[in-house]
$ cat work_24.txt   # compact mmCIF, C-alpha atoms and all ligand atoms
# COMPACT_ATOMS: atom_id res chain seq x y z
CA MET L 239 -91.73 112.55 70.60
CA LYS L 240 -93.86 112.15 67.48
CA MET L 241 -97.35 113.54 68.00
CA ILE L 242 -99.84 112.54 65.35
CA MET L 243 -103.05 114.36 64.49
CA LYS L 244 -105.83 114.08 61.93
CA ALA L 245 -106.15 116.82 59.35
CA ILE L 246 -108.07 117.41 56.15
CA ARG L 247 -105.60 118.35 53.43
CA ILE L 248 -105.47 118.91 49.70
CA HIS L 249 -102.56 117.59 47.63
CA GLN L 250 -103.80 119.09 44.37
CA TYR L 251 -106.38 121.59 43.15
CA GLY L 252 -109.76 120.15 42.20
CA GLY L 253 -113.32 119.33 43.29
CA PRO L 254 -114.41 118.46 46.84
CA GLU L 255 -112.94 114.94 46.30
CA VAL L 256 -109.40 116.32 46.65
CA LEU L 257 -110.09 116.96 50.35
CA ALA L 258 -108.48 113.99 52.07
CA GLN L 259 -108.23 113.01 55.71
CA VAL L 260 -104.62 112.28 56.65
CA GLU L 261 -102.62 111.57 59.77
CA MET L 262 -99.68 113.91 60.13
CA GLN L 263 -97.20 115.35 62.55
CA ARG L 264 -98.80 117.76 65.00
CA PRO L 265 -97.35 121.27 64.40
CA ALA L 266 -95.23 122.88 67.11
CA PRO L 267 -95.61 126.53 68.07
CA GLY L 268 -92.68 128.76 67.09
CA ALA L 269 -91.70 132.03 68.75
CA ASN L 270 -94.75 134.14 69.66
CA GLU L 271 -97.05 131.37 68.46
CA VAL L 272 -99.63 129.23 70.19
CA LEU L 273 -100.73 125.66 69.48
CA ILE L 274 -104.52 125.42 69.59
CA LYS L 275 -106.41 122.18 70.16
CA VAL L 276 -109.12 122.84 67.59
CA HIS L 277 -112.63 122.02 68.77
CA ALA L 278 -114.37 123.47 65.74
CA ALA L 279 -113.44 125.06 62.39
CA ALA L 280 -115.84 126.93 60.15
CA VAL L 281 -116.03 126.70 56.37
CA ASN L 282 -115.90 129.86 54.22
CA PRO L 283 -116.43 130.29 50.47
CA VAL L 284 -112.75 131.24 50.13
CA ASP L 285 -111.86 127.68 51.21
CA TRP L 286 -113.48 126.06 48.17
CA LYS L 287 -112.31 128.87 45.90
CA MET L 288 -108.71 128.12 46.96
CA ARG L 289 -109.28 124.35 46.78
CA ALA L 290 -110.60 124.61 43.22
CA GLY L 291 -107.59 126.70 42.16
CA TYR L 292 -109.70 129.79 41.35
CA MET L 293 -107.25 131.95 43.32
CA LYS L 294 -103.99 130.30 42.32
CA ASP L 295 -102.83 133.09 39.98
CA PHE L 296 -102.61 135.66 42.75
CA LEU L 297 -102.51 133.34 45.78
CA PRO L 298 -100.67 130.14 44.82
CA LEU L 299 -100.77 127.42 47.47
CA THR L 300 -97.72 125.41 48.43
CA LEU L 301 -99.29 121.95 48.28
CA PRO L 302 -100.11 119.89 50.25
CA VAL L 303 -102.00 122.32 52.44
CA THR L 304 -104.55 122.31 55.23
CA LEU L 305 -107.36 124.77 54.49
CA GLY L 306 -109.54 126.53 57.04
CA SER L 307 -109.26 130.04 58.50
CA ASP L 308 -111.79 129.93 61.35
CA VAL L 309 -111.00 128.10 64.57
CA SER L 310 -112.20 127.91 68.14
CA GLY L 311 -110.43 125.76 70.70
CA THR L 312 -108.21 125.58 73.75
CA VAL L 313 -104.58 126.57 74.07
CA GLU L 314 -102.48 123.39 74.16
CA GLU L 315 -98.97 124.82 74.18
CA VAL L 316 -97.35 128.24 73.94
CA GLY L 317 -94.17 129.05 72.02
CA LEU L 318 -91.19 131.06 73.19
CA GLY L 319 -92.15 134.66 73.97
CA ALA L 320 -95.91 134.03 73.80
CA ALA L 321 -97.30 135.34 77.07
CA ARG L 322 -100.88 136.46 76.49
CA PHE L 323 -102.39 132.99 76.86
CA LYS L 324 -101.74 129.84 78.86
CA ARG L 325 -102.56 126.18 78.40
CA GLY L 326 -106.31 125.58 78.73
CA ASP L 327 -107.45 129.10 77.75
CA GLU L 328 -110.43 129.12 75.39
CA VAL L 329 -109.64 131.14 72.27
CA TYR L 330 -110.98 131.86 68.81
CA ALA L 331 -109.31 133.31 65.73
CA SER L 332 -109.23 133.94 62.04
CA LEU L 333 -105.99 132.34 60.85
CA GLY L 334 -106.22 134.38 57.65
CA LEU L 335 -105.52 132.89 54.24
CA GLU L 336 -102.63 130.81 55.63
CA GLY L 337 -105.34 128.47 56.94
CA GLY L 338 -104.55 125.29 58.84
CA GLY L 339 -107.89 125.11 60.65
CA TYR L 340 -109.30 121.80 59.30
CA ALA L 341 -107.23 119.79 61.77
CA GLU L 342 -107.14 118.59 65.35
CA TYR L 343 -104.41 121.13 66.14
CA ALA L 344 -103.45 124.43 64.54
CA VAL L 345 -100.70 126.95 65.11
CA ALA L 346 -101.47 130.67 65.25
CA LYS L 347 -99.54 133.84 66.02
CA GLU L 348 -100.71 134.77 69.49
CA ALA L 349 -101.21 138.37 68.29
CA ILE L 350 -104.27 137.33 66.25
CA LEU L 351 -106.00 135.28 68.97
CA ALA L 352 -108.80 136.52 71.18
CA GLU L 353 -110.66 135.07 74.13
CA LYS L 354 -113.64 133.04 72.92
CA PRO L 355 -117.01 134.73 73.64
CA SER L 356 -117.93 133.21 77.00
CA THR L 357 -121.61 132.71 76.09
CA LEU L 358 -120.79 130.59 73.02
CA ASP L 359 -119.72 126.98 72.67
CA HIS L 360 -116.80 126.22 70.32
CA VAL L 361 -119.02 125.42 67.33
CA GLN L 362 -120.79 128.77 67.58
CA ALA L 363 -117.51 130.60 68.28
CA ALA L 364 -115.80 129.07 65.24
CA SER L 365 -118.60 130.46 63.08
CA VAL L 366 -117.65 134.04 63.92
CA PRO L 367 -114.09 135.17 63.03
CA VAL L 368 -113.79 135.47 59.23
CA VAL L 369 -117.33 136.65 58.54
CA GLY L 370 -117.54 138.71 61.73
CA LEU L 371 -114.25 140.49 61.03
CA THR L 372 -115.20 141.08 57.40
CA ALA L 373 -118.57 142.61 58.26
CA TRP L 374 -117.06 144.64 61.12
CA GLN L 375 -114.10 146.05 59.21
CA ALA L 376 -116.05 146.72 55.99
CA LEU L 377 -118.82 148.60 57.81
CA PHE L 378 -116.89 150.44 60.49
CA GLU L 379 -113.24 150.74 59.37
CA VAL L 380 -113.88 151.29 55.69
CA ALA L 381 -117.40 152.72 55.31
CA GLN L 382 -117.37 154.42 58.75
CA LEU L 383 -121.08 153.57 59.15
CA ARG L 384 -122.77 155.78 61.75
CA ALA L 385 -126.06 155.73 63.65
CA GLY L 386 -128.92 157.04 61.52
CA GLN L 387 -127.28 156.16 58.20
CA LYS L 388 -128.88 153.82 55.68
CA VAL L 389 -127.01 150.67 54.62
CA LEU L 390 -127.91 148.12 51.94
CA ILE L 391 -126.49 144.67 52.72
CA HIS L 392 -126.51 142.05 49.97
CA ALA L 393 -126.81 138.34 50.82
CA ALA L 394 -128.02 139.39 54.27
CA ALA L 395 -128.85 135.77 55.23
CA GLY L 396 -125.33 134.56 54.44
CA GLY L 397 -122.28 134.33 56.67
CA VAL L 398 -120.99 137.88 56.25
CA GLY L 399 -124.44 139.36 55.65
CA ASN L 400 -126.14 138.18 58.83
CA PHE L 401 -123.39 139.64 61.00
CA ALA L 402 -123.34 142.85 58.96
CA VAL L 403 -127.08 143.26 59.56
CA GLN L 404 -126.73 142.70 63.30
CA PHE L 405 -123.66 144.95 63.67
CA ALA L 406 -125.28 147.74 61.66
CA LYS L 407 -128.46 147.53 63.76
CA ALA L 408 -126.42 147.56 66.98
CA GLN L 409 -124.77 150.74 65.65
CA GLY L 410 -128.18 152.37 65.13
CA ALA L 411 -128.23 152.30 61.32
CA TYR L 412 -131.27 151.77 59.09
CA VAL L 413 -130.69 148.38 57.44
CA ILE L 414 -131.97 146.99 54.15
CA GLY L 415 -131.07 143.38 53.40
CA THR L 416 -131.45 141.25 50.27
CA ALA L 417 -132.25 137.53 50.17
CA SER L 418 -134.56 135.13 48.32
CA SER L 419 -138.15 134.37 49.41
CA LYS L 420 -137.19 131.55 51.75
CA ASN L 421 -135.05 133.92 53.83
CA GLN L 422 -137.40 136.92 54.09
CA ALA L 423 -138.74 135.94 57.54
CA PHE L 424 -135.20 135.17 58.70
CA LEU L 425 -134.07 138.67 57.71
CA GLY L 426 -136.89 140.00 59.90
CA GLU L 427 -135.59 137.93 62.82
CA LEU L 428 -132.13 139.39 62.26
CA GLY L 429 -133.66 142.85 62.65
CA VAL L 430 -133.57 144.38 59.16
CA ASP L 431 -135.75 147.46 58.71
CA LYS L 432 -136.57 146.40 55.15
CA ALA L 433 -136.13 143.02 53.47
CA VAL L 434 -135.89 142.85 49.67
CA ASP L 435 -136.55 139.61 47.81
CA TYR L 436 -133.94 139.90 45.05
CA LYS L 437 -135.77 137.36 42.89
CA LYS L 438 -139.00 139.42 42.82
CA THR L 439 -137.81 143.01 43.16
CA ARG L 440 -134.92 144.89 41.62
CA PHE L 441 -133.37 146.33 44.77
CA GLU L 442 -132.35 149.55 42.99
CA ASP L 443 -136.06 150.22 42.28
CA VAL L 444 -136.78 150.42 46.02
CA VAL L 445 -133.49 151.79 47.43
CA GLN L 446 -131.89 154.90 45.95
CA ASP L 447 -130.60 156.78 48.96
CA ALA L 448 -128.27 154.42 50.82
CA ASP L 449 -125.18 155.89 52.49
CA VAL L 450 -123.42 152.53 52.30
CA VAL L 451 -123.72 149.37 50.20
CA LEU L 452 -121.98 146.19 51.33
CA ASP L 453 -121.48 144.15 48.16
CA THR L 454 -121.08 140.44 48.84
CA MET L 455 -122.06 139.34 45.32
CA GLY L 456 -120.14 141.30 42.65
CA GLY L 457 -121.14 141.15 38.96
CA ASP L 458 -124.55 142.50 38.03
CA THR L 459 -125.51 143.03 41.70
CA GLN L 460 -122.46 145.26 42.16
CA GLU L 461 -123.14 147.24 39.00
CA ARG L 462 -126.79 147.87 39.90
CA SER L 463 -125.78 148.82 43.45
CA PHE L 464 -124.43 152.18 42.27
CA LYS L 465 -128.04 153.24 41.62
CA ALA L 466 -128.96 152.40 45.22
CA LEU L 467 -126.48 154.93 46.66
CA LYS L 468 -127.01 158.60 47.38
CA LYS L 469 -124.39 161.06 46.13
CA GLY L 470 -121.37 160.97 48.43
CA GLY L 471 -122.16 157.38 49.50
CA ILE L 472 -119.77 154.45 49.48
CA LEU L 473 -119.85 150.97 48.00
CA VAL L 474 -117.60 148.44 49.72
CA SER L 475 -117.18 145.20 47.82
CA ILE L 476 -115.68 142.14 49.45
CA VAL L 477 -115.71 140.14 46.21
CA GLN L 478 -114.54 142.24 43.25
CA PRO L 479 -112.92 145.64 42.62
CA PRO L 480 -115.73 147.99 41.59
CA SER L 481 -115.68 150.19 38.48
CA GLN L 482 -114.16 153.59 39.20
CA GLU L 483 -115.88 154.94 36.11
CA LEU L 484 -119.30 154.08 37.54
CA ALA L 485 -118.27 155.48 40.92
CA ALA L 486 -117.35 158.80 39.31
CA LYS L 487 -120.53 158.83 37.24
CA HIS L 488 -122.70 158.36 40.37
CA GLY L 489 -120.64 160.68 42.59
CA VAL L 490 -119.78 157.94 45.09
CA ARG L 491 -116.70 156.15 46.38
CA ALA L 492 -116.28 152.46 45.61
CA LEU L 493 -113.58 150.04 46.66
CA PHE L 494 -112.67 146.41 47.24
CA TYR L 495 -111.80 145.34 50.76
CA GLY L 496 -110.06 142.20 52.03
CA ALA L 497 -110.50 141.57 55.76
CA HIS L 498 -107.51 140.92 58.01
CA PRO L 499 -107.15 138.92 61.25
CA SER L 500 -107.51 141.14 64.31
CA SER L 501 -107.45 140.24 67.98
CA SER L 502 -108.87 143.60 69.06
CA ASP L 503 -111.79 143.47 66.60
CA LEU L 504 -112.58 139.90 67.72
CA THR L 505 -112.58 141.08 71.33
CA GLU L 506 -115.06 143.86 70.45
CA ILE L 507 -117.22 141.37 68.58
CA ALA L 508 -117.10 138.95 71.53
CA ARG L 509 -118.28 141.77 73.79
CA LEU L 510 -121.29 142.42 71.55
CA ILE L 511 -122.10 138.72 71.39
CA ASP L 512 -121.79 138.25 75.15
CA SER L 513 -124.03 141.29 75.72
CA GLY L 514 -126.75 139.46 73.79
CA LYS L 515 -126.93 142.08 70.99
CA VAL L 516 -125.57 139.75 68.31
CA LYS L 517 -126.45 136.10 67.71
CA THR L 518 -124.57 133.45 65.77
CA VAL L 519 -126.31 131.49 63.04
CA VAL L 520 -124.97 127.98 62.43
CA GLU L 521 -127.04 126.08 59.89
CA THR L 522 -124.96 122.92 59.57
CA ILE L 523 -122.58 121.07 61.89
CA LEU L 524 -120.54 118.20 60.43
CA PRO L 525 -117.63 116.12 61.72
CA LEU L 526 -114.20 117.14 60.40
CA ALA L 527 -114.17 113.95 58.32
CA GLU L 528 -117.11 115.32 56.28
CA ALA L 529 -115.30 118.38 54.96
CA ARG L 530 -116.17 117.34 51.38
CA ARG L 531 -119.89 117.58 52.12
CA ALA L 532 -119.30 120.92 53.86
CA HIS L 533 -117.60 122.27 50.73
CA GLU L 534 -120.43 121.05 48.49
CA LEU L 535 -122.94 122.86 50.70
CA SER L 536 -120.89 126.07 50.79
CA GLU L 537 -120.46 125.97 47.02
CA SER L 538 -124.22 125.83 46.51
CA GLY L 539 -124.21 129.53 47.53
CA HIS L 540 -127.56 129.50 49.32
CA GLY L 541 -126.73 128.62 52.89
CA ARG L 542 -128.10 130.49 55.90
CA GLY L 543 -125.40 131.54 58.35
CA LYS L 544 -122.49 129.13 58.69
CA ILE L 545 -121.29 125.57 58.17
CA VAL L 546 -119.03 124.34 60.97
CA LEU L 547 -116.77 121.27 61.20
CA LYS L 548 -116.49 119.71 64.64
CA ALA L 549 -113.00 118.43 65.38
CA ALA L 550 -113.35 117.38 69.01
N1 LIG C 1 -112.88 140.10 50.94
C1 LIG C 1 -112.98 139.41 52.06
O1 LIG C 1 -112.21 139.62 53.02
C2 LIG C 1 -114.07 138.37 52.19
C3 LIG C 1 -114.30 137.80 53.45
C4 LIG C 1 -115.36 136.89 53.57
C5 LIG C 1 -116.11 136.54 52.45
N2 LIG C 1 -115.80 137.07 51.24
C6 LIG C 1 -116.59 136.70 50.04
O2 LIG C 1 -117.89 137.28 50.21
C7 LIG C 1 -118.87 136.43 49.60
C8 LIG C 1 -119.97 136.13 50.63
O3 LIG C 1 -119.42 135.33 51.66
P1 LIG C 1 -120.38 134.61 52.71
O4 LIG C 1 -119.51 133.81 53.62
O5 LIG C 1 -121.34 135.57 53.29
O6 LIG C 1 -121.15 133.62 51.69
P2 LIG C 1 -122.36 132.63 51.96
O7 LIG C 1 -122.68 132.56 53.41
O8 LIG C 1 -122.08 131.37 51.23
O9 LIG C 1 -123.56 133.38 51.20
C9 LIG C 1 -124.73 132.67 51.01
C10 LIG C 1 -125.91 133.64 50.89
O10 LIG C 1 -125.89 134.30 49.62
C11 LIG C 1 -127.23 134.65 49.32
N3 LIG C 1 -127.37 134.97 47.91
C12 LIG C 1 -127.05 134.17 46.83
N4 LIG C 1 -127.29 134.86 45.69
C13 LIG C 1 -127.76 136.11 46.05
C14 LIG C 1 -128.16 137.28 45.33
N5 LIG C 1 -128.14 137.32 43.98
N6 LIG C 1 -128.56 138.38 46.03
C15 LIG C 1 -128.57 138.37 47.38
N7 LIG C 1 -128.20 137.28 48.13
C16 LIG C 1 -127.80 136.17 47.45
C17 LIG C 1 -128.00 133.43 49.75
O11 LIG C 1 -129.32 133.82 50.07
P3 LIG C 1 -130.55 133.04 49.35
O12 LIG C 1 -130.34 131.57 49.68
O13 LIG C 1 -131.75 133.64 50.00
O14 LIG C 1 -130.39 133.29 47.88
C18 LIG C 1 -127.23 132.93 50.98
O15 LIG C 1 -127.86 133.27 52.20
C19 LIG C 1 -118.11 135.19 49.10
O16 LIG C 1 -117.83 135.36 47.73
C20 LIG C 1 -116.81 135.20 49.91
O17 LIG C 1 -115.75 134.57 49.26
C21 LIG C 1 -114.79 137.98 51.09
$ encode --input "work_24.txt" --output "structure tokens"
Amino acid sequence: MKMIMKAIRIHQYGGPEVLAQVEMQRPAPGANEVLIKVHAAAVNPVDWKMRAGYMKDFLPLTLPVTLGSDVSGTVEEVGLGAARFKRGDEVYASLGLEGGGYAEYAVAKEAILAEKPSTLDHVQAASVPVVGLTAWQALFEVAQLRAGQKVLIHAAAGGVGNFAVQFAKAQGAYVIGTASSKNQAFLGELGVDKAVDYKKTRFEDVVQDADVVLDTMGGDTQERSFKALKKGGILVSIVQPPSQELAAKHGVRALFYGAHPSSSDLTEIARLIDSGKVKTVVETILPLAEARRAHELSESGHGRGKIVLKAA
């Protein structure tokens, strides 16, 4: 039987206008896979970077392709050998860079799925996986952030940043976050110990003894971040490999990190969310059909929290 679904696809690299709504064959789950009825899919900066072709040299897409890594929905069908979930279960996941989330249905390996946080609706849940996993893994797997340590988080009002602030606070760290004037009060609500307005203050003038810097900006922000670290500290960049020369000069470690899908990390994150210690921040909710607008907003680079597409 032919099952048709709506999806937002790109057939070529380009501006937001290359995002097109199409009707296509619903995917079928293969061995150890699950078909998810997508209720909501979040938008991440990597989506428009891939759409524009900025990543095609090291991550070429086989076009046409359905973008979108973050999904929350219900299990529709399970493939051969998939036994962790059954039809109707509420799940959320990062599909990784393979994407497929901007659609009414998406296939995922069951190994990367986790139970949706029970206190969240699907829109809120979809806003979590990519940014939540990135903040979690960068702070705890890579930087090994501990209670009592000092961490500087750039773009603390953004998708990755707001989770990083909340996770670091839940861990008992001292947290400094950067944002522009309009987000200073918001950083206070998130729980930062010190908010720095990056347009008025050079952060390295007021922070020089951080154990950890989470670099979400790269470029000049990354370079100046070395001065914010104490000797023996660590800079983790999620945007650009840092200079090893500068790291050696400042007596710190510095590395690039790319987050990976993880069911167990998502389960831990869901536990924190359901305990009330971590909140989700969704600034914009749009129907799936308005993915172009969602990309324009994400590309502006000054959103607060997440942009989520509602599929059902
Ligand atoms: N390596 C990985 O695995 C990985 C995973 C996820 C994301 N990323 C990358 O990490 C970056 C951040 O992602 P995201 O989802 O958090 O982005 P986002 O939500 O779009 O970030 C928006 C935030 O950036 C802030 N901002 C802009 N310029 C700033 C500056 N100079 N200093 C401090 N804050 C500034 C804005 O605050 P104001 O409006 O107050 O300026 C806004 O709140 C993106 O480049 C993304 O591609 C990498």
$ closest_atom_pairs --input "work_24.txt" --of "segment 425-454 of chain L" --to "segment 473-479 of chain L" --cutoff "12 Å" --atoms "all atoms listed in the file" --output "tab-separated table"
residue	atom	partner	partner_atom	distance
L:Ala448	CA	L:Leu473	CA	9.5
L:Asp449	CA	L:Leu473	CA	8.5
L:Val450	CA	L:Leu473	CA	5.8
L:Val451	CA	L:Leu473	CA	4.7
L:Leu452	CA	L:Val474	CA	5.2
L:Asp453	CA	L:Ser475	CA	4.4
L:Thr454	CA	L:Ile476	CA	5.7
$ closest_residue --input "work_24.txt" --among "L:Gly429, L:Gly268, L:Gly410, L:Gly496" --to "Ala394 of chain L" --atoms "all atoms listed in the file"
L:Gly429
$ residues_around --input "work_24.txt" --residues "Asn400 of chain L" --least-positions-apart "6" --cutoff "12 Å" --atoms "all atoms listed in the file" --output "PDB file with C-alpha atoms, in the frame of the given file"
ATOM      1  CA  SER L 365    -118.600 130.460  63.080  1.00  0.00           C
ATOM      2  CA  VAL L 366    -117.650 134.040  63.920  1.00  0.00           C
ATOM      3  CA  VAL L 369    -117.330 136.650  58.540  1.00  0.00           C
ATOM      4  CA  GLY L 370    -117.540 138.710  61.730  1.00  0.00           C
ATOM      5  CA  THR L 372    -115.200 141.080  57.400  1.00  0.00           C
ATOM      6  CA  ALA L 373    -118.570 142.610  58.260  1.00  0.00           C
ATOM      7  CA  TRP L 374    -117.060 144.640  61.120  1.00  0.00           C
ATOM      8  CA  ILE L 391    -126.490 144.670  52.720  1.00  0.00           C
ATOM      9  CA  HIS L 392    -126.510 142.050  49.970  1.00  0.00           C
ATOM     10  CA  ALA L 393    -126.810 138.340  50.820  1.00  0.00           C
ATOM     11  CA  ALA L 394    -128.020 139.390  54.270  1.00  0.00           C
ATOM     12  CA  ALA L 406    -125.280 147.740  61.660  1.00  0.00           C
ATOM     13  CA  LYS L 407    -128.460 147.530  63.760  1.00  0.00           C
ATOM     14  CA  VAL L 413    -130.690 148.380  57.440  1.00  0.00           C
ATOM     15  CA  ILE L 414    -131.970 146.990  54.150  1.00  0.00           C
ATOM     16  CA  GLY L 415    -131.070 143.380  53.400  1.00  0.00           C
ATOM     17  CA  THR L 416    -131.450 141.250  50.270  1.00  0.00           C
ATOM     18  CA  ALA L 417    -132.250 137.530  50.170  1.00  0.00           C
ATOM     19  CA  ASN L 421    -135.050 133.920  53.830  1.00  0.00           C
ATOM     20  CA  PHE L 424    -135.200 135.170  58.700  1.00  0.00           C
ATOM     21  CA  LEU L 425    -134.070 138.670  57.710  1.00  0.00           C
ATOM     22  CA  GLY L 426    -136.890 140.000  59.900  1.00  0.00           C
ATOM     23  CA  GLU L 427    -135.590 137.930  62.820  1.00  0.00           C
ATOM     24  CA  LEU L 428    -132.130 139.390  62.260  1.00  0.00           C
ATOM     25  CA  GLY L 429    -133.660 142.850  62.650  1.00  0.00           C
ATOM     26  CA  VAL L 430    -133.570 144.380  59.160  1.00  0.00           C
ATOM     27  CA  LEU L 452    -121.980 146.190  51.330  1.00  0.00           C
ATOM     28  CA  THR L 454    -121.080 140.440  48.840  1.00  0.00           C
ATOM     29  CA  VAL L 516    -125.570 139.750  68.310  1.00  0.00           C
ATOM     30  CA  LYS L 517    -126.450 136.100  67.710  1.00  0.00           C
ATOM     31  CA  THR L 518    -124.570 133.450  65.770  1.00  0.00           C
ATOM     32  CA  VAL L 519    -126.310 131.490  63.040  1.00  0.00           C
ATOM     33  CA  VAL L 520    -124.970 127.980  62.430  1.00  0.00           C
ATOM     34  CA  GLY L 541    -126.730 128.620  52.890  1.00  0.00           C
ATOM     35  CA  ARG L 542    -128.100 130.490  55.900  1.00  0.00           C
ATOM     36  CA  GLY L 543    -125.400 131.540  58.350  1.00  0.00           C
ATOM     37  CA  LYS L 544    -122.490 129.130  58.690  1.00  0.00           C
TER      38      LYS L 544
END
$ atom_distance --input "work_24.txt" --atom1 "atom C16 of ligand LIG 1 (chain C)" --atom2 "atom CA of Tyr495 of chain L"
18.7 Å
$ closest_residue --input "work_24.txt" --among "L:Ser307, L:Asn270, L:Ser536, L:Ser356" --to "Asp327 of chain L" --atoms "all atoms listed in the file"
L:Ser356
$ atom_distance --input "work_24.txt" --atom1 "atom CA of Met455 of chain L" --atom2 "atom CA of Val361 of chain L"
26.2 Å
$ residues_near_point --input "work_24.txt" --point "(-132.5, 152.2, 57.5)" --cutoff "8 Å" --atoms "all atoms listed in the file" --output "list in words"
Gly386, Gln387, Lys388, Val389, Ala411, Tyr412, Val413, Ile414, Asp431 and Lys432 of chain L
$ axis_aligned_box --input "work_24.txt" --around "ligand LIG 1 (chain C)" --padding-each-side "4 Å" --output "lines of an AutoDock Vina configuration file"
center_x = -122.0
center_y = 135.7
center_z = 48.8
size_x = 27.5
size_y = 16.7
size_z = 17.6
$ residues_around --input "work_24.txt" --residues "segment 283-290 of chain L" --least-positions-apart "2" --cutoff "9 Å" --atoms "only C-alpha atoms" --output "list in words"
Ile248, Gln250, Tyr251, Gly252, Gly253, Pro254, Val256, Leu257, Val281, Tyr292, Met293, Lys294, Leu297, Pro298, Leu299, Leu305, Gly306, Ser307, Leu335, Gly337, His533, Glu534, Ser536, Glu537 and Gly539 of chain L
$ closest_residue --input "work_24.txt" --among "L:Val316, L:Ala280, L:Val490, L:Ile350" --to "ligand LIG 1 (chain C)" --atoms "only C-alpha atoms and all ligand atoms"
L:Ala280
$ closest_residue --input "work_24.txt" --among "L:Ser418, L:Ser310, L:Gln382, L:Gln482" --to "ligand LIG 1 (chain C)" --atoms "all atoms listed in the file"
L:Ser418
$ closest_residue --input "work_24.txt" --among "L:Leu526, L:Ala497, L:Val546, L:Leu510" --to "ligand LIG 1 (chain C)" --atoms "all atoms listed in the file"
L:Ala497
$ closest_residue --input "work_24.txt" --among "L:Ala320, L:Val260, L:Leu547, L:Leu383" --to "Gly339 of chain L" --atoms "all atoms listed in the file"
L:Leu547
$ atom_distance --input "work_24.txt" --atom1 "atom CA of Thr300 of chain L" --atom2 "atom CA of Ala258 of chain L"
16.1 Å
